[in-house]
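**Student:** The file below is data-v9.txt, compact mmCIF, C-alpha atoms:
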# COMPACT_ATOMS: atom_id res chain seq x y z
CA GLY B 862 9.25 -2.70 26.03
CA SER B 863 11.06 -3.68 22.83
CA ASP B 864 8.32 -6.24 22.05
CA THR B 865 5.39 -3.80 22.21
CA VAL B 866 3.34 -2.86 19.14
CA LEU B 867 4.51 0.76 19.44
CA SER B 868 8.17 -0.28 19.54
CA ASN B 869 7.71 -2.50 16.47
CA ILE B 870 6.06 0.37 14.58
CA LEU B 871 8.95 2.70 15.45
CA ASN B 872 11.51 0.11 14.32
CA LEU B 873 9.69 -0.43 11.02
CA VAL B 874 9.64 3.32 10.31
CA LYS B 875 13.36 3.61 11.14
CA GLN B 876 14.22 0.68 8.88
CA ALA B 877 12.13 2.12 6.04
CA GLN B 878 13.76 5.55 6.38
CA GLY B 879 17.19 3.95 6.18
CA GLU B 880 16.49 2.02 2.98
CA LYS B 881 17.37 3.19 -0.50
CA PRO B 882 14.48 3.23 -2.98
CA PRO B 883 15.24 2.77 -6.72
CA VAL B 884 15.42 6.51 -7.43
CA GLN B 885 18.09 6.91 -4.69
CA GLN B 886 20.14 4.15 -6.28
CA MET B 887 19.93 6.05 -9.56
CA ALA B 888 21.11 9.26 -7.83
CA ASP B 889 24.02 7.33 -6.29
CA LYS B 890 25.10 6.12 -9.74
CA ILE B 891 24.95 9.68 -11.10
CA SER B 892 26.99 10.95 -8.12
CA ALA B 893 29.61 8.28 -8.83
CA ILE B 894 30.10 9.84 -12.28
CA PHE B 895 29.59 13.43 -11.08
CA VAL B 896 32.40 13.46 -8.49
CA PRO B 897 35.30 12.48 -10.82
CA LEU B 898 33.82 14.78 -13.49
CA VAL B 899 33.94 17.76 -11.08
CA LEU B 900 37.49 16.86 -10.04
CA GLY B 901 38.39 16.95 -13.73
CA ILE B 902 36.67 20.33 -14.20
CA ALA B 903 38.52 21.69 -11.13
CA ALA B 904 41.84 20.51 -12.57
CA VAL B 905 41.07 22.09 -15.97
CA THR B 906 40.00 25.31 -14.17
CA LEU B 907 43.33 25.41 -12.30
CA ILE B 908 45.44 24.84 -15.40
CA ALA B 909 43.43 27.14 -17.72
CA ASN B 910 43.30 30.04 -15.25
CA TRP B 911 47.00 29.63 -14.38
CA ILE B 912 47.84 29.92 -18.08
CA ILE B 913 45.43 32.84 -18.71
CA LEU B 914 46.10 34.79 -15.49
CA GLY B 915 49.77 33.85 -15.18
CA GLU B 916 49.38 33.53 -11.41
CA PHE B 917 49.00 30.33 -9.42
CA THR B 918 47.11 31.64 -6.34
CA PRO B 919 44.05 33.16 -8.12
CA ALA B 920 43.86 30.08 -10.35
CA MET B 921 43.95 27.81 -7.31
CA MET B 922 41.20 29.87 -5.56
CA ARG B 923 38.94 29.48 -8.62
CA SER B 924 39.62 25.75 -8.70
CA ILE B 925 38.78 25.48 -4.97
CA ALA B 926 35.58 27.46 -5.56
CA VAL B 927 34.55 24.90 -8.21
CA LEU B 928 35.14 22.02 -5.77
CA VAL B 929 33.23 23.76 -2.98
CA ILE B 930 30.24 24.83 -5.08
CA ALA B 931 29.98 21.37 -6.67
CA CYS B 932 29.92 19.49 -3.36
CA PRO B 933 27.32 16.74 -4.05
CA CYS B 934 25.57 17.21 -0.69
CA ALA B 935 22.39 18.42 -2.38
CA MET B 936 22.25 15.33 -4.61
CA GLY B 937 22.87 13.10 -1.61
CA LEU B 938 20.09 14.78 0.37
CA ALA B 939 17.54 15.00 -2.44
CA THR B 940 16.03 11.53 -1.99
CA PRO B 941 16.51 10.66 1.71
CA ALA B 942 15.13 14.02 2.86
CA ALA B 943 11.90 13.54 0.87
CA ILE B 944 11.60 9.85 1.86
CA ALA B 945 12.08 10.64 5.58
CA VAL B 946 9.40 13.33 5.50
CA GLY B 947 7.03 11.17 3.43
CA LEU B 948 7.35 8.19 5.76
CA GLY B 949 7.01 10.45 8.79
CA ARG B 950 3.83 12.03 7.50
CA GLY B 951 2.50 8.57 6.66
CA ALA B 952 3.12 7.38 10.22
CA ARG B 953 1.43 10.48 11.65
CA SER B 954 -1.55 9.90 9.34
CA GLY B 955 -1.93 6.27 10.36
CA ILE B 956 -0.17 4.76 7.32
CA LEU B 957 2.76 2.49 8.12
CA PHE B 958 5.19 1.87 5.23
CA ARG B 959 7.30 -1.22 5.90
CA ASN B 960 9.91 -0.12 3.33
CA ALA B 961 10.87 2.99 1.35
CA LYS B 962 10.48 1.22 -2.00
CA SER B 963 6.71 0.86 -1.59
CA LEU B 964 6.37 4.61 -1.06
CA GLU B 965 7.93 5.24 -4.47
CA LEU B 966 5.99 2.46 -6.24
CA PHE B 967 2.62 4.14 -5.57
CA LYS B 968 3.21 6.51 -8.50
CA ASP B 969 2.96 3.63 -11.02
CA ILE B 970 -0.19 1.89 -9.73
CA LYS B 971 -2.74 1.09 -12.46
CA GLN B 972 -5.15 -1.26 -10.65
CA VAL B 973 -6.33 -1.97 -7.11
CA VAL B 974 -7.63 -5.40 -6.05
CA PHE B 975 -9.87 -5.58 -2.98
CA ASP B 976 -10.71 -8.54 -0.81
CA LYS B 977 -14.38 -8.42 0.24
CA THR B 978 -14.87 -9.66 3.79
CA GLY B 979 -13.32 -7.36 6.39
CA THR B 980 -11.90 -5.04 3.72
CA LEU B 981 -14.79 -3.50 1.79
CA THR B 982 -17.18 -4.75 4.47
CA THR B 983 -16.92 -4.15 8.21
CA GLY B 984 -16.33 -7.80 9.06
CA ASN B 985 -18.84 -7.44 11.88
CA PHE B 986 -21.39 -10.07 10.93
CA ARG B 987 -24.83 -10.78 12.30
CA ILE B 988 -26.25 -14.32 12.28
CA SER B 989 -29.36 -14.02 10.17
CA ASN B 990 -30.39 -17.69 10.09
CA PHE B 991 -29.17 -21.17 11.03
CA HIS B 992 -30.34 -24.78 10.81
CA PHE B 993 -29.28 -28.00 12.56
CA ASN B 994 -30.29 -31.61 11.90
CA SER B 995 -29.64 -34.02 14.77
CA ALA B 996 -28.23 -32.12 17.78
CA THR B 997 -30.17 -29.85 20.13
CA GLU B 998 -29.84 -26.10 19.57
CA SER B 999 -27.63 -25.64 22.65
CA ASP B 1000 -25.36 -28.55 21.63
CA PHE B 1001 -25.15 -27.22 18.07
CA LYS B 1002 -24.17 -23.73 19.26
CA LYS B 1003 -21.62 -25.14 21.70
CA LEU B 1004 -20.06 -27.26 18.93
CA VAL B 1005 -19.88 -24.33 16.51
CA TYR B 1006 -18.41 -22.00 19.16
CA SER B 1007 -15.80 -24.60 20.13
CA LEU B 1008 -14.67 -24.79 16.49
CA GLU B 1009 -14.87 -21.14 15.45
CA LYS B 1010 -13.24 -19.63 18.56
CA TYR B 1011 -9.87 -20.81 17.18
CA SER B 1012 -10.31 -19.17 13.76
CA ALA B 1013 -9.02 -15.75 12.67
CA HIS B 1014 -11.62 -15.42 9.88
CA PRO B 1015 -14.10 -12.52 10.33
CA LEU B 1016 -17.09 -14.88 9.86
CA ALA B 1017 -15.80 -17.22 12.55
CA LYS B 1018 -15.03 -14.36 14.93
CA SER B 1019 -18.60 -13.04 14.62
CA ILE B 1020 -20.14 -16.47 15.25
CA ALA B 1021 -17.87 -17.09 18.24
CA ALA B 1022 -18.79 -13.71 19.72
CA ALA B 1023 -22.54 -14.31 19.24
CA TRP B 1024 -22.59 -17.88 20.57
CA LYS B 1025 -19.94 -17.60 23.27
CA GLU B 1026 -20.14 -20.42 25.82
CA SER B 1027 -18.65 -20.61 29.30
CA SER B 1028 -17.52 -24.17 28.59
CA ALA B 1029 -16.19 -25.35 25.24
CA ILE B 1030 -15.34 -28.77 23.80
CA SER B 1031 -11.72 -29.83 24.33
CA TRP B 1032 -10.27 -31.05 21.05
CA LYS B 1033 -7.60 -33.68 20.58
CA ASN B 1034 -6.37 -31.59 17.66
CA ILE B 1035 -7.71 -28.64 15.66
CA HIS B 1036 -6.39 -26.61 12.73
CA GLU B 1037 -7.51 -24.06 10.16
CA THR B 1038 -7.17 -24.70 6.42
CA LYS B 1039 -6.99 -21.66 4.12
CA GLY B 1040 -10.11 -21.29 2.01
CA LEU B 1041 -11.82 -24.25 3.67
CA GLY B 1042 -12.36 -23.68 7.41
CA MET B 1043 -11.80 -25.32 10.79
CA LYS B 1044 -11.22 -29.05 11.21
CA ALA B 1045 -11.10 -30.76 14.63
CA THR B 1046 -11.03 -34.21 16.18
CA ASP B 1047 -12.40 -34.97 19.66
CA GLY B 1048 -11.14 -37.52 22.18
CA LYS B 1049 -13.36 -40.27 20.70
CA GLY B 1050 -11.97 -39.78 17.20
CA ASN B 1051 -15.02 -37.99 15.78
CA GLU B 1052 -14.14 -35.46 13.09
CA TYR B 1053 -15.89 -32.07 12.89
CA ILE B 1054 -15.64 -29.36 10.24
CA ALA B 1055 -16.92 -25.78 10.20
CA GLY B 1056 -16.20 -24.32 6.80
CA SER B 1057 -17.27 -22.99 3.42
CA TYR B 1058 -19.35 -24.82 0.82
CA ALA B 1059 -16.15 -26.42 -0.47
CA ALA B 1060 -16.10 -28.52 2.71
CA ALA B 1061 -19.70 -29.70 2.19
CA ALA B 1062 -19.87 -29.99 -1.59
CA ASP B 1063 -19.91 -33.80 -1.41
CA VAL B 1064 -22.95 -33.99 0.88
CA THR B 1065 -25.24 -31.16 -0.34
CA ALA B 1066 -26.03 -29.30 -3.55
CA ASP B 1067 -27.26 -26.21 -1.66
CA ASP B 1068 -24.46 -23.64 -1.92
CA SER B 1069 -26.43 -20.64 -0.64
CA HIS B 1070 -25.16 -20.67 2.98
CA ASN B 1071 -22.03 -19.14 4.52
CA ILE B 1072 -20.90 -21.80 6.99
CA TYR B 1073 -21.51 -25.58 6.91
CA ILE B 1074 -21.05 -27.83 9.94
CA LEU B 1075 -20.14 -31.49 9.37
CA GLU B 1076 -19.75 -34.44 11.73
CA ASN B 1077 -17.78 -37.41 10.38
CA GLY B 1078 -18.53 -36.29 6.83
CA ALA B 1079 -22.30 -35.88 7.40
CA LEU B 1080 -24.01 -32.47 7.26
CA LEU B 1081 -24.97 -31.41 10.77
CA GLY B 1082 -26.24 -27.89 9.95
CA TRP B 1083 -25.53 -24.53 8.35
CA ILE B 1084 -25.33 -20.84 9.30
CA ASP B 1085 -26.13 -17.66 7.34
CA LEU B 1086 -24.59 -14.30 8.19
CA GLU B 1087 -25.14 -10.74 7.05
CA ASP B 1088 -22.38 -8.18 6.68
CA GLU B 1089 -22.47 -4.42 6.11
CA LEU B 1090 -20.33 -2.33 3.80
CA ARG B 1091 -17.77 0.02 5.28
CA PRO B 1092 -19.21 3.56 4.99
CA GLU B 1093 -16.07 4.82 3.21
CA SER B 1094 -15.86 1.97 0.65
CA LYS B 1095 -17.93 3.65 -2.08
CA GLU B 1096 -16.06 6.95 -1.70
CA VAL B 1097 -12.65 5.23 -1.94
CA VAL B 1098 -13.66 3.24 -5.05
CA SER B 1099 -15.02 6.44 -6.63
CA TYR B 1100 -11.72 8.24 -5.91
CA LEU B 1101 -9.70 5.47 -7.55
CA LYS B 1102 -11.90 5.53 -10.67
CA LYS B 1103 -11.47 9.31 -10.94
CA LYS B 1104 -7.72 8.75 -10.92
CA GLY B 1105 -8.08 6.27 -13.80
CA ILE B 1106 -7.18 3.28 -11.61
CA LYS B 1107 -9.00 0.03 -12.39
CA THR B 1108 -10.79 -1.61 -9.43
CA ILE B 1109 -11.20 -5.39 -9.00
CA LEU B 1110 -13.06 -7.36 -6.32
CA LEU B 1111 -11.32 -10.68 -5.56
CA SER B 1112 -13.11 -12.98 -3.13
CA GLY B 1113 -13.50 -16.58 -2.07
CA ASP B 1114 -17.23 -15.99 -1.56
CA ARG B 1115 -19.99 -17.03 -3.96
CA TYR B 1116 -20.19 -15.08 -7.24
CA ALA B 1117 -23.75 -13.78 -6.73
CA LYS B 1118 -22.92 -12.19 -3.36
CA THR B 1119 -19.63 -10.79 -4.61
CA LYS B 1120 -21.23 -9.31 -7.76
CA HIS B 1121 -23.95 -7.69 -5.65
CA ILE B 1122 -21.32 -5.87 -3.55
CA ALA B 1123 -19.35 -4.85 -6.65
CA ASP B 1124 -22.47 -3.38 -8.30
CA ILE B 1125 -23.30 -1.30 -5.22
CA LEU B 1126 -19.77 0.13 -5.04
CA GLY B 1127 -19.22 0.50 -8.79
CA ILE B 1128 -16.22 -1.84 -8.96
CA ASP B 1129 -15.05 -2.59 -12.52
CA GLU B 1130 -14.38 -6.34 -12.35
CA VAL B 1131 -15.42 -9.30 -10.17
CA VAL B 1132 -13.39 -12.46 -9.51
CA ALA B 1133 -15.15 -14.80 -7.08
CA GLU B 1134 -15.06 -18.33 -5.61
CA HIS B 1135 -11.25 -18.34 -5.45
CA THR B 1136 -9.10 -20.36 -3.08
CA PRO B 1137 -5.96 -18.72 -1.59
CA GLN B 1138 -3.83 -20.40 -4.29
CA GLN B 1139 -6.15 -19.11 -7.03
CA LYS B 1140 -6.03 -15.64 -5.46
CA LEU B 1141 -2.24 -15.81 -5.57
CA ASP B 1142 -2.27 -16.89 -9.23
CA THR B 1143 -4.72 -14.09 -10.12
CA ILE B 1144 -2.60 -11.43 -8.39
CA ALA B 1145 0.53 -12.78 -10.10
CA ALA B 1146 -1.18 -12.48 -13.51
CA LEU B 1147 -2.52 -8.97 -12.78
CA THR B 1148 0.85 -7.77 -11.47
CA ALA B 1149 2.52 -9.05 -14.65
CA GLN B 1150 0.09 -6.91 -16.69
CA ALA B 1151 0.46 -3.69 -14.68
CA PRO B 1152 1.57 -2.44 -11.22
CA THR B 1153 -1.11 -3.67 -8.82
CA ILE B 1154 -2.20 -3.00 -5.23
CA MET B 1155 -3.81 -5.80 -3.22
CA VAL B 1156 -5.87 -4.75 -0.18
CA GLY B 1157 -6.79 -7.53 2.24
CA ASP B 1158 -6.94 -8.51 5.88
CA GLY B 1159 -7.34 -12.26 6.32
CA ILE B 1160 -5.05 -15.28 6.48
CA ASN B 1161 -6.42 -16.23 3.02
CA ASP B 1162 -5.07 -12.96 1.59
CA ALA B 1163 -1.50 -13.27 2.92
CA PRO B 1164 0.06 -14.96 -0.17
CA ALA B 1165 -1.65 -12.49 -2.54
CA LEU B 1166 -0.56 -9.51 -0.41
CA ALA B 1167 3.05 -10.66 -0.65
CA LYS B 1168 2.83 -11.19 -4.43
CA ALA B 1169 1.26 -7.83 -5.38
CA THR B 1170 3.35 -4.81 -6.39
CA ILE B 1171 2.16 -3.28 -3.12
CA GLY B 1172 0.25 -5.28 -0.50
CA ILE B 1173 -1.90 -3.19 1.84
CA SER B 1174 -3.25 -4.64 5.08
CA MET B 1175 -5.77 -3.28 7.57
CA SER B 1176 -4.74 -2.66 11.20
CA GLU B 1177 -7.29 -5.19 12.49
CA ALA B 1178 -5.99 -7.84 10.08
CA THR B 1179 -4.46 -11.17 11.06
CA GLN B 1180 -0.77 -11.00 12.00
CA VAL B 1181 0.23 -13.08 8.97
CA ALA B 1182 -1.58 -10.63 6.66
CA MET B 1183 0.13 -7.64 8.31
CA GLN B 1184 3.54 -9.31 8.01
CA SER B 1185 2.91 -10.08 4.31
CA ALA B 1186 1.88 -6.51 3.41
CA GLN B 1187 4.23 -3.65 2.55
CA VAL B 1188 1.79 -1.04 3.87
CA VAL B 1189 -0.50 -1.19 6.91
CA LEU B 1190 -3.45 1.18 7.35
CA MET B 1191 -3.34 1.71 11.11
CA SER B 1192 -6.61 3.65 11.33
CA HIS B 1193 -9.75 1.56 10.96
CA GLY B 1194 -11.09 1.04 7.45
CA LEU B 1195 -10.04 2.22 3.99
CA THR B 1196 -10.21 5.96 4.72
CA LYS B 1197 -6.43 6.43 4.45
CA LEU B 1198 -5.96 4.53 1.16
CA PRO B 1199 -6.29 7.69 -1.02
CA THR B 1200 -3.84 9.47 1.32
CA ALA B 1201 -1.32 6.62 0.89
CA LEU B 1202 -1.62 6.86 -2.92
CA GLY B 1203 -1.31 10.65 -2.88
CA LEU B 1204 1.59 10.64 -0.44
CA GLY B 1205 3.49 8.15 -2.60
CA SER B 1206 2.99 10.24 -5.75
CA HIS B 1207 3.88 13.55 -4.07
CA THR B 1208 6.96 12.08 -2.36
CA TYR B 1209 8.28 10.96 -5.75
CA LEU B 1210 7.43 14.41 -7.19
CA THR B 1211 9.39 16.05 -4.35
CA ILE B 1212 12.38 13.77 -5.05
CA LYS B 1213 12.32 14.77 -8.74
CA GLN B 1214 12.10 18.46 -7.79
CA ASN B 1215 15.02 18.08 -5.38
CA LEU B 1216 17.19 16.29 -7.95
CA PHE B 1217 16.30 18.89 -10.62
CA TRP B 1218 17.32 21.79 -8.40
CA ALA B 1219 20.49 19.99 -7.27
CA PHE B 1220 21.65 19.45 -10.88
CA PHE B 1221 20.37 22.80 -12.17
CA TYR B 1222 22.20 24.56 -9.35
CA ASN B 1223 25.49 22.84 -10.23
CA ILE B 1224 25.14 23.45 -13.97
CA ILE B 1225 24.74 27.19 -13.32
CA ALA B 1226 27.14 27.57 -10.37
CA ILE B 1227 30.19 25.61 -11.62
CA PRO B 1228 30.86 27.86 -14.68
CA ILE B 1229 30.39 30.96 -12.48
CA ALA B 1230 33.00 29.65 -10.03
CA ALA B 1231 35.36 28.58 -12.86
CA PHE B 1232 35.37 32.15 -14.29
CA GLY B 1233 36.27 33.62 -10.90
CA LEU B 1234 32.92 35.27 -10.14
CA LEU B 1235 32.64 33.38 -6.81
CA THR B 1236 35.24 33.20 -4.06
CA PRO B 1237 35.50 29.92 -2.10
CA MET B 1238 33.84 31.62 0.89
CA PHE B 1239 30.75 32.65 -1.09
CA ALA B 1240 30.79 29.29 -2.88
CA ALA B 1241 30.55 27.55 0.50
CA LEU B 1242 27.67 29.84 1.48
CA ALA B 1243 25.84 29.13 -1.79
CA MET B 1244 26.44 25.39 -1.44
CA GLY B 1245 24.98 25.41 2.06
CA PHE B 1246 22.00 27.46 0.84
CA SER B 1247 21.22 24.81 -1.81
CA ASP B 1248 20.94 22.17 0.95
CA VAL B 1249 18.57 24.43 2.88
CA VAL B 1250 16.37 24.90 -0.21
CA LEU B 1251 16.14 21.12 -0.71
CA GLY B 1252 15.35 20.62 2.97
CA LEU B 1253 12.56 23.23 2.88
CA ASN B 1254 11.11 21.70 -0.29
CA SER B 1255 11.05 18.28 1.40
CA VAL B 1256 9.48 19.63 4.59
CA ARG B 1257 6.60 21.00 2.47
CA LEU B 1258 5.37 17.40 2.31
CA PHE B 1259 4.27 17.68 5.94
CA VAL B 1260 1.64 20.29 5.05
CA LYS B 1261 1.12 19.73 1.33
CA LYS B 1262 -2.33 18.61 0.14
CA VAL B 1263 -1.81 15.12 -1.30
CA VAL B 1264 -5.41 14.01 -1.96
Translate this file's structure into structure tokens.

**Tutor:**
Amino acid sequence: GSDTVLSNILNLVKQAQGEKPPVQQMADKISAIFVPLVLGIAAVTLIANWIILGEFTPAMMRSIAVLVIACPCAMGLATPAAIAVGLGRGARSGILFRNAKSLELFKDIKQVVFDKTGTLTTGNFRISNFHFNSATESDFKKLVYSLEKYSAHPLAKSIAAAWKESSAISWKNIHETKGLGMKATDGKGNEYIAGSYAAAADVTADDSHNIYILENGALLGWIDLEDELRPESKEVVSYLKKKGIKTILLSGDRYAKTKHIADILGIDEVVAEHTPQQKLDTIAALTAQAPTIMVGDGINDAPALAKATIGISMSEATQVAMQSAQVVLMSHGLTKLPTALGLGSHTYLTIKQNLFWAFFYNIIAIPIAAFGLLTPMFAALAMGFSDVVLGLNSVRLFVKKVV
């Protein structure tokens, strides 16, 4: 039971709710100064009122009222209450925050970088055309299936599903190389590759196909696939542009295909034909310029997801991509991305409101208690009421419109 997906999700939410985001650390520092300051004010209140009133008991009651009314409970609750509600609403909405810090960082985001395949597109490909040189069609399909069935890439998954065979070739060894493809060796020592143009650049000048199949370094054939855009992609990109957030399409695919997708969706900038290392370098440079979100789903995107200010993964992504991301969109597609952005901004706004009321309340209430206008009993009631107000303000996040 503890190893199930549901249990892991619950543990991640609990861990995130228990973490302290930067604004909480700031509140803790203020509280560290606030507590000795209030103790000092209480001492001054006792001495001053004892001198003015000439009686110890009333002076002591006023000093106690100051201590009670200034109890820093409200300041301590201001951030965790809002964070807990924000993370809870995110989980209910299908947005899993792996840590509390990422929830706060959404307020600063200036640019969003999208991967193409499986992120802006459905990742459900259809084989539109293929060509083979020496093998028969059935042998070619069996070879390709035997290679691609081991890959986590959306292109490979679609080919394996379309050309599924009851019997596959048994490989002596097989592995997947990021940005290149599948490489296998059979029992006779023959080497086979199913990969991108980068794997076939030495044997052909034709770079217009999606997948190239090689046998012992010789081109055996190629495969073309067609993908469709996610229906929500254009709407999400449009929302980001309205918010003044720059959009960038970062892909390992050919520039012409990537630019075509970007033009349809209205994406601001295109960066294509990048290896995973180049993607990582690009994200590092962009993050250095301004707070950046990276949205991806494949094994190729994992390093970039980890490097971005906030890495966002899709629920159907590879496990390594999900582990590298700070946020996982559990519902299919990009539909919840605007909600994640809005929830992050409104959670931070709620924290600021809570902290404002906590400090404003103390600034007003402490002098009132010091001048004897509040008994300790009513001070305790007022202090408890301030916690209730902060709690109610935080709970508003559950129903508040964030998009």

**Student:** Which residue is closest to His1193 (chain B)? Choose from B:Asp1114, B:Asp1162, B:Glu1087, B:Glu1093 and count all atoms listed in the file.

**Tutor:**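 Of the candidates, the smallest distance to His1193 (chain B) is held by B:Glu1093.
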
**Student:** If I take CA of Ala1231 (chain B) and CA of Leu1253 (chain B), how far is one from the other in Å, to one decimal?

**Tutor:**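 CA of Ala1231 (chain B) sits 28.2 Å away from CA of Leu1253 (chain B).
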
**Student:** Which one is closest to Ile1154 (chain B): B:Tyr1058, B:Phe991, B:Phe895, B:Phe975? Count only C-alpha atoms.

**Tutor:**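 The answer is B:Phe975, which sits nearest to Ile1154 (chain B).
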
**Student:** Go through B:Ile1074, B:Ile925, B:Ala909, B:Ala920 and flag the residue nearest Met1238 (chain B), using all atoms listed in the file for the distances.

**Tutor:** B:Ile925

**Student:** Determine the nearest neighbour of Thr1200 (chain B) from the options B:Leu1258, B:Ile956, B:Ala1013, B:Ala996, counting only C-alpha atoms.

**Tutor:**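 With only C-alpha atoms as the atom set, the closest residue is B:Ile956.
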
**Student:** With distances taken over only C-alpha atoms, which residue among B:Val973, B:Leu898, B:Ala1066, B:Leu966 lies nearest Leu1080 (chain B)?

**Tutor:**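 Of B:Val973, B:Leu898, B:Ala1066, B:Leu966, the one nearest Leu1080 (chain B) is B:Ala1066, counting only C-alpha atoms.
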
**Student:** Could you check the closest approach to Ile944 (chain B) for each of B:Leu1235, B:Ala961, B:Ala1201, B:Ala1241 and tell me which residue wins, using all atoms listed in the file?

**Tutor:**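 For Ile944 (chain B), the nearest of the candidates is B:Ala961.
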
**Student:** Do you know which residues are at most 8 Å from Leu1090 (chain B) counting all atoms listed in the file, after dropping those on the same chain fewer than 2 positions away, and could you put them as a count of residues only?

**Tutor:** 6

**Student:** Between CA of Leu1204 (chain B) and CA of Gly947 (chain B), what is the distance, to one decimal in Å?

**Tutor:** 6.7 Å
